[in-house]
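Structure file target06.txt (compact mmCIF, C-alpha atoms and all ligand atoms) is printed below.
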# COMPACT_ATOMS: atom_id res chain seq x y z
CA MET A 11 -38.40 -18.23 2.46
CA THR A 12 -37.03 -18.72 -1.05
CA PRO A 13 -34.74 -21.59 -1.98
CA GLN A 14 -31.07 -20.87 -1.51
CA SER A 15 -28.76 -19.89 -4.32
CA CYS A 16 -25.10 -20.62 -3.67
CA VAL A 17 -21.71 -19.80 -5.12
CA THR A 18 -18.77 -22.11 -4.49
CA ILE A 19 -15.60 -20.20 -3.69
CA GLN A 20 -12.52 -21.84 -5.11
CA LYS A 21 -10.90 -19.44 -7.54
CA GLU A 22 -10.16 -15.83 -6.90
CA TRP A 23 -12.69 -14.78 -9.53
CA ASP A 24 -15.46 -16.57 -7.55
CA ILE A 25 -15.23 -13.67 -5.08
CA VAL A 26 -16.41 -11.33 -7.84
CA GLY A 27 -19.09 -13.82 -8.95
CA ALA A 28 -20.49 -14.09 -5.42
CA ARG A 29 -20.69 -10.36 -4.83
CA GLN A 30 -22.29 -9.75 -8.24
CA LEU A 31 -24.97 -12.35 -7.60
CA GLY A 32 -25.59 -10.93 -4.12
CA ARG A 33 -25.89 -7.41 -5.48
CA ASP A 34 -28.37 -8.56 -8.15
CA ILE A 35 -30.56 -10.24 -5.55
CA ALA A 36 -30.36 -7.15 -3.30
CA LYS A 37 -31.34 -4.91 -6.22
CA LYS A 38 -34.33 -7.08 -7.11
CA MET A 39 -35.43 -7.01 -3.48
CA GLY A 40 -35.51 -3.21 -3.65
CA PHE A 41 -32.48 -2.31 -1.54
CA GLY A 42 -31.10 1.18 -2.27
CA THR A 43 -27.67 1.75 -3.81
CA VAL A 44 -25.93 2.27 -0.47
CA ASP A 45 -27.30 -0.95 1.00
CA GLN A 46 -26.48 -2.77 -2.25
CA ALA A 47 -22.89 -1.60 -1.86
CA ARG A 48 -22.86 -2.66 1.82
CA ILE A 49 -24.19 -6.12 0.92
CA ALA A 50 -21.75 -6.57 -1.99
CA THR A 51 -18.84 -5.47 0.21
CA ALA A 52 -19.83 -7.84 3.03
CA ILE A 53 -20.04 -10.75 0.54
CA SER A 54 -16.65 -9.82 -0.87
CA GLU A 55 -15.08 -9.95 2.61
CA LEU A 56 -16.64 -13.31 3.51
CA ALA A 57 -15.82 -14.86 0.12
CA ARG A 58 -12.22 -13.63 0.27
CA ASN A 59 -11.79 -15.12 3.72
CA ILE A 60 -12.95 -18.49 2.34
CA TYR A 61 -10.54 -18.11 -0.58
CA LEU A 62 -7.61 -17.12 1.66
CA TYR A 63 -8.01 -19.30 4.71
CA THR A 64 -9.75 -22.48 3.54
CA GLU A 65 -9.62 -24.99 0.71
CA ASN A 66 -13.14 -24.25 -0.37
CA GLY A 67 -16.48 -23.11 0.88
CA GLN A 68 -19.74 -21.59 -0.21
CA ILE A 69 -21.60 -18.34 -0.04
CA CYS A 70 -25.38 -18.84 -0.08
CA PHE A 71 -28.20 -16.34 -0.27
CA GLU A 72 -31.68 -16.63 1.10
CA VAL A 73 -34.55 -14.18 1.15
CA VAL A 74 -36.50 -14.23 4.40
CA GLU A 75 -39.85 -12.61 4.71
CA ASN A 76 -42.16 -12.30 7.64
CA MET A 77 -45.17 -10.16 8.34
CA ASN A 78 -43.55 -6.80 8.47
CA ARG A 79 -40.15 -7.13 6.92
CA LYS A 80 -37.98 -8.71 4.28
CA GLY A 81 -34.33 -9.51 4.58
CA LEU A 82 -31.39 -10.92 2.70
CA VAL A 83 -29.47 -13.64 4.51
CA ILE A 84 -25.85 -14.29 3.56
CA LEU A 85 -24.47 -17.63 4.71
CA SER A 86 -20.77 -18.36 4.49
CA THR A 87 -19.86 -21.98 5.11
CA ASP A 88 -16.49 -23.70 4.91
CA ASN A 89 -14.78 -26.76 6.28
CA GLY A 90 -11.47 -25.03 6.76
CA PRO A 91 -9.30 -24.81 9.87
CA GLY A 92 -11.91 -23.01 11.95
CA ILE A 93 -11.39 -20.00 14.20
CA ASP A 94 -10.01 -20.59 17.67
CA ASP A 95 -10.63 -17.20 19.26
CA ILE A 96 -13.66 -15.50 17.72
CA GLY A 97 -13.31 -12.44 19.99
CA ARG A 98 -9.88 -11.83 18.57
CA VAL A 99 -10.77 -12.05 14.86
CA MET A 100 -13.60 -9.60 15.50
CA GLU A 101 -11.08 -6.94 16.61
CA ASP A 102 -10.34 -4.25 14.04
CA GLY A 103 -6.83 -4.70 12.72
CA TYR A 104 -6.34 -8.37 13.64
CA SER A 105 -5.04 -10.29 10.62
CA THR A 106 -2.95 -13.41 10.14
CA SER A 107 -2.36 -12.66 6.45
CA GLY A 108 -0.95 -9.14 6.48
CA GLY A 109 -4.38 -7.73 5.59
CA LEU A 110 -6.00 -4.71 7.18
CA GLY A 111 -7.96 -6.97 9.54
CA ALA A 112 -11.04 -5.00 8.56
CA GLY A 113 -13.06 -7.84 7.02
CA LEU A 114 -15.02 -9.53 9.81
CA PRO A 115 -15.56 -6.49 12.07
CA GLY A 116 -16.47 -4.64 8.86
CA VAL A 117 -19.11 -7.23 7.86
CA LYS A 118 -20.65 -6.90 11.32
CA ARG A 119 -21.03 -3.13 10.84
CA LEU A 120 -22.15 -3.38 7.21
CA MET A 121 -24.98 -5.80 8.01
CA ASP A 122 -27.82 -5.68 10.57
CA GLU A 123 -27.32 -9.11 12.12
CA PHE A 124 -24.16 -11.14 12.36
CA ASP A 125 -23.31 -14.50 13.87
CA VAL A 126 -20.16 -16.66 13.75
CA GLN A 127 -20.00 -20.32 14.63
CA SER A 128 -16.70 -22.08 14.32
CA GLU A 129 -15.01 -25.23 15.45
CA VAL A 130 -11.27 -25.76 15.13
CA GLY A 131 -10.54 -28.48 12.59
CA VAL A 132 -14.16 -28.61 11.44
CA GLY A 133 -15.00 -25.29 9.83
CA THR A 134 -16.72 -21.97 10.09
CA LYS A 135 -20.30 -20.83 9.53
CA ILE A 136 -21.12 -17.15 9.34
CA LYS A 137 -24.63 -15.79 8.99
CA ALA A 138 -25.33 -12.15 8.26
CA ILE A 139 -28.67 -10.48 7.55
CA LYS A 140 -29.60 -7.13 6.04
CA TRP A 141 -33.19 -5.98 6.49
CA ALA A 142 -34.88 -3.96 3.79
CA ARG A 143 -36.24 -0.70 5.14
CA MET B 24 -7.51 -8.04 -17.39
CA ARG B 25 -5.33 -4.94 -17.29
CA ILE B 26 -6.23 -1.41 -16.34
CA PRO B 27 -5.02 1.10 -18.98
CA ILE B 28 -2.68 3.88 -17.83
CA LEU B 29 -2.66 7.06 -19.93
CA LYS B 30 0.11 9.64 -20.01
CA LEU B 31 -0.76 13.34 -20.17
CA HIS B 32 2.26 15.69 -20.03
CA ASN B 33 3.93 14.94 -16.70
CA TYR B 34 0.97 13.11 -15.31
CA LEU B 35 -0.51 9.66 -15.50
CA LEU B 36 -4.27 9.21 -15.70
CA ILE B 37 -6.14 6.08 -14.82
CA SER B 38 -9.88 5.65 -14.99
CA ILE B 39 -10.94 2.33 -13.55
CA GLN B 40 -13.91 1.11 -15.58
CA THR B 41 -14.12 -2.57 -14.72
CA GLU B 42 -15.01 -4.63 -11.71
CA ILE B 43 -11.66 -5.07 -9.96
CA ASP B 44 -10.69 -8.52 -8.82
CA ASP B 45 -7.63 -9.16 -6.67
CA ASN B 46 -5.27 -10.11 -9.51
CA THR B 47 -6.24 -7.09 -11.55
CA ALA B 48 -5.55 -4.88 -8.53
CA ILE B 49 -2.10 -6.39 -7.93
CA GLN B 50 -1.24 -6.21 -11.64
CA PHE B 51 -2.31 -2.56 -11.69
CA GLN B 52 -0.09 -1.77 -8.71
CA GLU B 53 2.91 -3.23 -10.52
CA ASP B 54 2.05 -1.61 -13.88
CA LEU B 55 1.62 1.83 -12.32
CA LEU B 56 4.94 1.72 -10.46
CA ASN B 57 6.73 0.63 -13.65
CA LYS B 58 5.04 3.36 -15.64
CA ILE B 59 6.01 6.03 -13.07
CA HIS B 60 9.58 4.78 -13.29
CA GLN B 61 9.69 4.74 -17.10
CA SER B 62 7.94 8.04 -17.69
CA GLY B 63 9.31 10.01 -14.76
CA SER B 64 5.80 11.27 -14.06
CA SER B 65 5.42 13.45 -10.99
CA GLY B 66 1.69 13.11 -10.54
CA VAL B 67 -1.00 10.46 -10.91
CA VAL B 68 -4.79 10.69 -10.87
CA ILE B 69 -6.75 7.50 -10.28
CA ASP B 70 -10.42 8.07 -11.07
CA LEU B 71 -12.85 5.75 -9.30
CA THR B 72 -16.14 7.19 -10.62
CA SER B 73 -17.20 3.85 -12.14
CA VAL B 74 -16.12 1.72 -9.19
CA ASP B 75 -19.12 0.61 -7.16
CA ILE B 76 -17.35 -1.54 -4.59
CA ILE B 77 -14.12 -1.12 -2.63
CA ASP B 78 -13.57 -3.85 -0.09
CA SER B 79 -10.74 -4.15 2.45
CA PHE B 80 -8.39 -5.80 -0.02
CA ILE B 81 -8.82 -3.23 -2.77
CA ALA B 82 -8.61 -0.43 -0.20
CA LYS B 83 -5.29 -1.85 0.99
CA VAL B 84 -3.94 -2.06 -2.56
CA LEU B 85 -4.99 1.53 -3.29
CA GLY B 86 -3.49 2.79 -0.02
CA ASP B 87 -0.26 0.90 -0.75
CA VAL B 88 -0.10 2.28 -4.29
CA VAL B 89 -0.26 5.82 -2.90
CA THR B 90 2.52 5.12 -0.40
CA MET B 91 4.74 3.33 -2.93
CA SER B 92 4.30 6.05 -5.57
CA ASP B 93 5.11 8.62 -2.91
CA LEU B 94 8.36 6.78 -2.17
CA MET B 95 9.20 6.99 -5.86
CA GLY B 96 8.49 10.71 -5.91
CA ALA B 97 5.07 10.75 -7.58
CA LYS B 98 1.99 12.18 -5.94
CA VAL B 99 -1.25 10.22 -6.35
CA VAL B 100 -4.75 11.68 -6.04
CA LEU B 101 -7.84 9.44 -5.90
CA THR B 102 -10.94 10.98 -7.45
CA GLY B 103 -14.63 10.32 -7.89
CA ILE B 104 -15.26 7.99 -4.94
CA GLN B 105 -19.03 7.27 -5.02
CA PRO B 106 -21.14 8.16 -1.96
CA ALA B 107 -22.07 4.52 -1.38
CA VAL B 108 -18.41 3.50 -1.56
CA ALA B 109 -17.39 6.23 0.91
CA MET B 110 -20.05 4.95 3.34
CA THR B 111 -18.98 1.31 3.10
CA LEU B 112 -15.33 2.28 3.61
CA ILE B 113 -16.26 3.95 6.89
CA ASP B 114 -18.23 0.84 7.95
CA LEU B 115 -15.09 -1.17 7.24
CA GLY B 116 -13.15 1.24 9.47
CA ILE B 117 -11.01 2.37 6.56
CA HIS B 118 -10.42 6.12 6.54
CA LEU B 119 -7.69 6.50 3.90
CA LYS B 120 -6.40 9.35 6.06
CA ASN B 121 -3.12 9.99 4.29
CA VAL B 122 -4.53 9.57 0.83
CA PRO B 123 -5.17 12.75 -1.19
CA THR B 124 -8.61 12.79 -2.78
CA ALA B 125 -10.65 15.11 -4.99
CA LEU B 126 -14.24 15.23 -6.20
CA ASP B 127 -13.59 14.41 -9.83
CA LEU B 128 -10.84 14.01 -12.40
CA GLU B 129 -10.74 17.70 -13.18
CA GLN B 130 -10.41 18.68 -9.51
CA GLY B 131 -7.75 15.99 -9.14
CA LEU B 132 -5.68 17.52 -11.93
CA ILE B 133 -6.12 20.99 -10.41
CA LYS B 134 -4.88 19.62 -7.09
CA LEU B 135 -1.78 18.20 -8.78
CA TYR B 136 -1.09 21.45 -10.69
CA GLN B 137 -1.37 23.42 -7.47
CA GLU B 138 0.99 21.18 -5.56
CA LEU B 139 3.47 20.27 -8.27
CA GLY B 140 3.21 22.99 -10.90
CA GLU B 141 3.36 22.14 -14.59
N1 LIG C 201 -13.35 -18.65 7.15
C1 LIG C 201 -12.28 -18.55 7.96
N2 LIG C 201 -11.64 -19.68 8.40
C2 LIG C 201 -10.56 -19.59 9.20
N3 LIG C 201 -10.03 -18.42 9.64
C3 LIG C 201 -10.61 -17.28 9.25
C4 LIG C 201 -11.75 -17.27 8.39
N4 LIG C 201 -12.13 -15.99 8.18
C5 LIG C 201 -11.26 -15.22 8.86
N5 LIG C 201 -10.33 -15.98 9.51
C6 LIG C 201 -9.24 -15.49 10.40
O1 LIG C 201 -9.67 -14.25 10.97
C7 LIG C 201 -8.72 -13.21 10.72
C8 LIG C 201 -9.43 -11.88 10.56
O2 LIG C 201 -10.24 -11.89 9.38
P1 LIG C 201 -10.63 -10.51 8.68
O3 LIG C 201 -11.39 -10.80 7.46
O4 LIG C 201 -11.26 -9.64 9.73
O5 LIG C 201 -9.22 -9.85 8.34
P2 LIG C 201 -8.16 -10.30 7.21
O6 LIG C 201 -8.81 -11.26 6.26
O7 LIG C 201 -6.94 -10.79 7.90
O8 LIG C 201 -7.83 -8.93 6.48
P3 LIG C 201 -8.81 -8.09 5.51
O9 LIG C 201 -10.12 -8.81 5.50
O10 LIG C 201 -8.91 -6.74 6.12
O11 LIG C 201 -8.15 -8.08 4.17
C9 LIG C 201 -7.97 -13.67 9.49
O12 LIG C 201 -6.68 -13.10 9.39
C10 LIG C 201 -7.95 -15.20 9.65
O13 LIG C 201 -6.88 -15.58 10.49
MG MG C 202 -10.67 -10.83 5.38

Could you render the structure as structure tokens?
Ligand SMILES: Nc1ncnc2c1ncn2[C@@H]1O[C@H](COP(=O)(O)OP(=O)(O)OP(=O)(O)O)[C@@H](O)[C@H]1O
Ligand SMILES: [Mg+2]
Amino acid sequence: MTPQSCVTIQKEWDIVGARQLGRDIAKKMGFGTVDQARIATAISELARNIYLYTENGQICFEVVENMNRKGLVILSTDNGPGIDDIGRVMEDGYSTSGGLGAGLPGVKRLMDEFDVQSEVGVGTKIKAIKWAR
Amino acid sequence: MRIPILKLHNYLLISIQTEIDDNTAIQFQEDLLNKIHQSGSSGVVIDLTSVDIIDSFIAKVLGDVVTMSDLMGAKVVLTGIQPAVAMTLIDLGIHLKNVPTALDLEQGLIKLYQELGE
């Protein structure tokens, strides 16, 4: 496991910074262009959610490697309002901001593994992994 | 940052060359609608050949721009969507069903000529 690199999401432009860094790491790891686009898009969705729904948070990247595979872990952490009904926000089309409601269900489909942990009033932690083929 | 909008006869041409952040996207939406209004253009081609990421927000802005331009009487065609971008849009569940598209800028212009005439 490599040390984490993180981007703090505060300004709108940080969304672009996070997805560029993520794409660079993915490229160096040898992901193909389609997976690079999937990873960059997933980061963009998670970073925008931090920007829209919380005061601030972080997107961190970690490369995990075991005997037979290598993966990129994206961790999104914030201490915002938290998510009350996780089932609901995972539905396509559910949005409290007039968005498409495509972000979270989209990230789940873009990545190979996806996990949300959230506590109301405490914050939200999302972990998503893409495995290199 | 502002996305340049070129006028060619009755049409407007836009080739997006930079990484689009949210503000740039919103600014572009406003600029394009104003330009359609000022120029009386009947057709618009937005070329996305150099765009390597379209997330849910940018997809919404692009979809809205097509609908708004349509309301104003201008037809918009999106061109040059990269294979990787098309695949991620489907993963996001975004199908851009009512949005006219074409393979490249040239095909986009042909599509406009066919539907609108000169
Ligand atoms: N980090 C977060 N903290 C608190 N609430 C969140 C967070 N991320 C998402 N949500 C809630 O989950 C809902 C669904 O999020 P999702 O990203 O799927 O859609 P959206 O952001 O509303 O629209 P889109 O992403 O398509 O532009 C949001 O509207 C918001 O209410
Ligand atoms: Mg979102």

Practice item. Take atom CA of B:Val84 and atom CA of B:His32 and report the distance between them in Å, one decimal. Key: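 Calculated distance between atom CA of B:Val84 and atom CA of B:His32 is 25.7 Å.
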
Padding 3 Å on each side, edges along x, y and z: where is the centre of the box around the listed atoms of ligand LIG 201 (chain C), and how long are its edges in Å to one decimal? Output it as JSON.
{"center_x": -10.0, "center_y": -13.2, "center_z": 7.6, "size_x": 12.7, "size_y": 18.9, "size_z": 12.8}

Review point. Which residue gives the smallest distance to ligand LIG 201 (chain C) among A:Phe41, A:Phe71, A:Tyr61, A:Trp141, with only C-alpha atoms and all ligand atoms counted?
Key: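 For ligand LIG 201 (chain C), the nearest of the candidates is A:Tyr61.
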
Point to revise | A:Leu62, A:Ala142, A:Phe124, A:Met77 ranked by distance to ligand LIG 201 (chain C), top pick (using all atoms listed in the file) | key: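 Ranked by minimum distance to ligand LIG 201 (chain C), first place goes to A:Leu62.
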
**Study point:** Within-6 Å residues of ligand MG 202 (chain C), basis only C-alpha atoms and all ligand atoms, as JSON, numbers by chain
**Key:** {"A": [55, 59, 113]}

Point to revise | chain B residues near chain A (10 Å cut-off, all atoms listed in the file) as a list of chain:residue names | key: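 Taken together, these residues fit the definition: B:Glu42, B:Ile43, B:Asp44, B:Asp45, B:Asn46, B:Asp75, B:Ile76, B:Ile77, B:Asp78, B:Ser79, B:Phe80, B:Ala82, B:Lys83, B:Val84, B:Gln105, B:Pro106, B:Ala107, B:Val108, B:Ala109, B:Met110, B:Thr111, B:Leu112, B:Ile113, B:Asp114, B:Leu115, B:Gly116, B:Ile117.
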
Exercise for review: Please provide the set of residues having any atom within 9 Å of B:Ile59, restricted to all atoms listed in the file, with same-chain residues fewer than 4 positions apart removed, written as a PyMOL selection string.
Suggested key: chain B and resi 34-35+54-55+63-67+92+95-97

Restrict the selected residues to C-alpha atoms and save them as a CSV table (one decimal), in the coordinates of the input.
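Here's the written file part-v9.csv:
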chain,number,residue,atom,x,y,z
B,34,TYR,CA,1.0,13.1,-15.3
B,35,LEU,CA,-0.5,9.7,-15.5
B,54,ASP,CA,2.0,-1.6,-13.9
B,55,LEU,CA,1.6,1.8,-12.3
B,63,GLY,CA,9.3,10.0,-14.8
B,64,SER,CA,5.8,11.3,-14.1
B,65,SER,CA,5.4,13.4,-11.0
B,66,GLY,CA,1.7,13.1,-10.5
B,67,VAL,CA,-1.0,10.5,-10.9
B,92,SER,CA,4.3,6.0,-5.6
B,95,MET,CA,9.2,7.0,-5.9
B,96,GLY,CA,8.5,10.7,-5.9
B,97,ALA,CA,5.1,10.8,-7.6

Review point. What lies within 12 Å of A:Arg79 using all atoms listed in the file, ignoring chain neighbours under 6 positions off, as a ChimeraX atom specification?
Key: /A:39,73,139-143

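Atom CA of B:Ile28 is positioned 28.2 Å from atom CA of A:Ala28.
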
Point to revise | Between atom CA of A:Gly81 and atom CA of A:Leu31 - distance in Å to one decimal | key: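 These two atoms are separated by 15.6 Å.
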
Exercise for review: Tell me which of A:Ser128, A:Lys21, A:Arg33, A:Gly133 sits closest to A:Val99, counting all atoms listed in the file.
Suggested key: A:Ser128

Review point. What residues have an atom no more than 7 Å from (-13.8, -22.6, 7.5) in the file's own frame, counting only C-alpha atoms, and can you write them as a list in words?
Key: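 Here is the list of nearby residues: Ile60, Thr64, Thr87, Asp88, Asn89, Gly90, Pro91, Gly92, Gly133 and Thr134 of chain A.
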
Review point. Taking all atoms listed in the file into account, which of A:Leu85, A:Val17, A:Ala138, A:Leu56 comes nearest ligand LIG 201 (chain C)?
Key: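 Among A:Leu85, A:Val17, A:Ala138, A:Leu56, it is A:Leu56 that comes nearest to ligand LIG 201 (chain C).
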
Review point. Quick one: of B:Ile81, B:His118, B:Lys98, B:Ile49, who's nearest to ligand LIG 201 (chain C), counting all atoms listed in the file?
Key: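 Distance minimum relative to ligand LIG 201 (chain C) lands on B:Ile81.
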
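Closest to A:Cys70 among A:Ile84, A:Gly131, A:Arg98, A:Ala36 is A:Ile84, based on all atoms listed in the file.
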
Atoms kept (C-alpha atoms) for stretch 57-126 of chain B, as a PDB file, in the first residue's frame:
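Listing of part-v7.pdb after writing:
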ATOM      1  CA  ASN B  57     -27.182  35.480 -25.581  1.00  0.00           C
ATOM      2  CA  LYS B  58     -25.283  34.833 -28.783  1.00  0.00           C
ATOM      3  CA  ILE B  59     -28.234  32.946 -30.323  1.00  0.00           C
ATOM      4  CA  HIS B  60     -30.448  35.886 -29.415  1.00  0.00           C
ATOM      5  CA  GLN B  61     -28.082  38.532 -30.822  1.00  0.00           C
ATOM      6  CA  SER B  62     -27.161  36.724 -34.016  1.00  0.00           C
ATOM      7  CA  GLY B  63     -30.488  35.087 -34.794  1.00  0.00           C
ATOM      8  CA  SER B  64     -28.636  31.857 -35.536  1.00  0.00           C
ATOM      9  CA  SER B  65     -30.807  28.870 -36.370  1.00  0.00           C
ATOM     10  CA  GLY B  66     -28.272  26.155 -35.717  1.00  0.00           C
ATOM     11  CA  VAL B  67     -25.454  25.400 -33.283  1.00  0.00           C
ATOM     12  CA  VAL B  68     -22.744  22.742 -33.309  1.00  0.00           C
ATOM     13  CA  ILE B  69     -20.956  22.008 -30.045  1.00  0.00           C
ATOM     14  CA  ASP B  70     -17.877  19.883 -30.704  1.00  0.00           C
ATOM     15  CA  LEU B  71     -16.698  17.766 -27.781  1.00  0.00           C
ATOM     16  CA  THR B  72     -13.760  15.990 -29.470  1.00  0.00           C
ATOM     17  CA  SER B  73     -11.258  17.320 -26.905  1.00  0.00           C
ATOM     18  CA  VAL B  74     -13.456  16.725 -23.864  1.00  0.00           C
ATOM     19  CA  ASP B  75     -12.295  13.683 -21.939  1.00  0.00           C
ATOM     20  CA  ILE B  76     -14.749  13.812 -19.063  1.00  0.00           C
ATOM     21  CA  ILE B  77     -18.473  14.549 -18.853  1.00  0.00           C
ATOM     22  CA  ASP B  78     -19.887  14.057 -15.387  1.00  0.00           C
ATOM     23  CA  SER B  79     -23.527  14.353 -14.284  1.00  0.00           C
ATOM     24  CA  PHE B  80     -23.310  18.110 -13.797  1.00  0.00           C
ATOM     25  CA  ILE B  81     -21.812  18.875 -17.195  1.00  0.00           C
ATOM     26  CA  ALA B  82     -24.243  16.431 -18.816  1.00  0.00           C
ATOM     27  CA  LYS B  83     -27.117  18.309 -17.204  1.00  0.00           C
ATOM     28  CA  VAL B  84     -25.804  21.672 -18.417  1.00  0.00           C
ATOM     29  CA  LEU B  85     -25.370  20.341 -21.969  1.00  0.00           C
ATOM     30  CA  GLY B  86     -28.851  18.774 -21.963  1.00  0.00           C
ATOM     31  CA  ASP B  87     -30.333  22.028 -20.638  1.00  0.00           C
ATOM     32  CA  VAL B  88     -28.499  24.088 -23.261  1.00  0.00           C
ATOM     33  CA  VAL B  89     -30.070  21.962 -26.002  1.00  0.00           C
ATOM     34  CA  THR B  90     -33.559  22.375 -24.531  1.00  0.00           C
ATOM     35  CA  MET B  91     -33.163  26.120 -23.933  1.00  0.00           C
ATOM     36  CA  SER B  92     -31.776  26.759 -27.430  1.00  0.00           C
ATOM     37  CA  ASP B  93     -34.646  24.734 -28.833  1.00  0.00           C
ATOM     38  CA  LEU B  94     -37.100  26.995 -27.000  1.00  0.00           C
ATOM     39  CA  MET B  95     -35.408  29.970 -28.629  1.00  0.00           C
ATOM     40  CA  GLY B  96     -35.685  28.380 -32.054  1.00  0.00           C
ATOM     41  CA  ALA B  97     -32.111  27.178 -32.568  1.00  0.00           C
ATOM     42  CA  LYS B  98     -31.212  23.556 -33.131  1.00  0.00           C
ATOM     43  CA  VAL B  99     -28.128  22.248 -31.322  1.00  0.00           C
ATOM     44  CA  VAL B 100     -26.077  19.233 -32.405  1.00  0.00           C
ATOM     45  CA  LEU B 101     -23.387  17.741 -30.138  1.00  0.00           C
ATOM     46  CA  THR B 102     -20.466  16.211 -32.008  1.00  0.00           C
ATOM     47  CA  GLY B 103     -17.315  14.220 -31.393  1.00  0.00           C
ATOM     48  CA  ILE B 104     -18.213  12.534 -28.093  1.00  0.00           C
ATOM     49  CA  GLN B 105     -15.227  10.261 -27.290  1.00  0.00           C
ATOM     50  CA  PRO B 106     -15.828   6.509 -26.861  1.00  0.00           C
ATOM     51  CA  ALA B 107     -14.692   6.610 -23.228  1.00  0.00           C
ATOM     52  CA  VAL B 108     -17.040   9.516 -22.520  1.00  0.00           C
ATOM     53  CA  ALA B 109     -19.984   7.704 -24.162  1.00  0.00           C
ATOM     54  CA  MET B 110     -19.287   4.681 -21.939  1.00  0.00           C
ATOM     55  CA  THR B 111     -19.098   6.681 -18.713  1.00  0.00           C
ATOM     56  CA  LEU B 112     -22.329   8.509 -19.578  1.00  0.00           C
ATOM     57  CA  ILE B 113     -24.118   5.166 -19.847  1.00  0.00           C
ATOM     58  CA  ASP B 114     -22.644   4.084 -16.478  1.00  0.00           C
ATOM     59  CA  LEU B 115     -24.048   7.295 -15.033  1.00  0.00           C
ATOM     60  CA  GLY B 116     -27.443   6.364 -16.496  1.00  0.00           C
ATOM     61  CA  ILE B 117     -27.419   9.416 -18.745  1.00  0.00           C
ATOM     62  CA  HIS B 118     -28.682   8.672 -22.244  1.00  0.00           C
ATOM     63  CA  LEU B 119     -29.086  12.175 -23.716  1.00  0.00           C
ATOM     64  CA  LYS B 120     -32.062  10.724 -25.593  1.00  0.00           C
ATOM     65  CA  ASN B 121     -33.493  13.923 -27.004  1.00  0.00           C
ATOM     66  CA  VAL B 122     -30.145  15.419 -27.861  1.00  0.00           C
ATOM     67  CA  PRO B 123     -29.107  15.368 -31.539  1.00  0.00           C
ATOM     68  CA  THR B 124     -25.565  14.099 -32.024  1.00  0.00           C
ATOM     69  CA  ALA B 125     -23.170  13.488 -34.905  1.00  0.00           C
ATOM     70  CA  LEU B 126     -19.786  11.833 -35.313  1.00  0.00           C
TER      71      LEU B 126
END
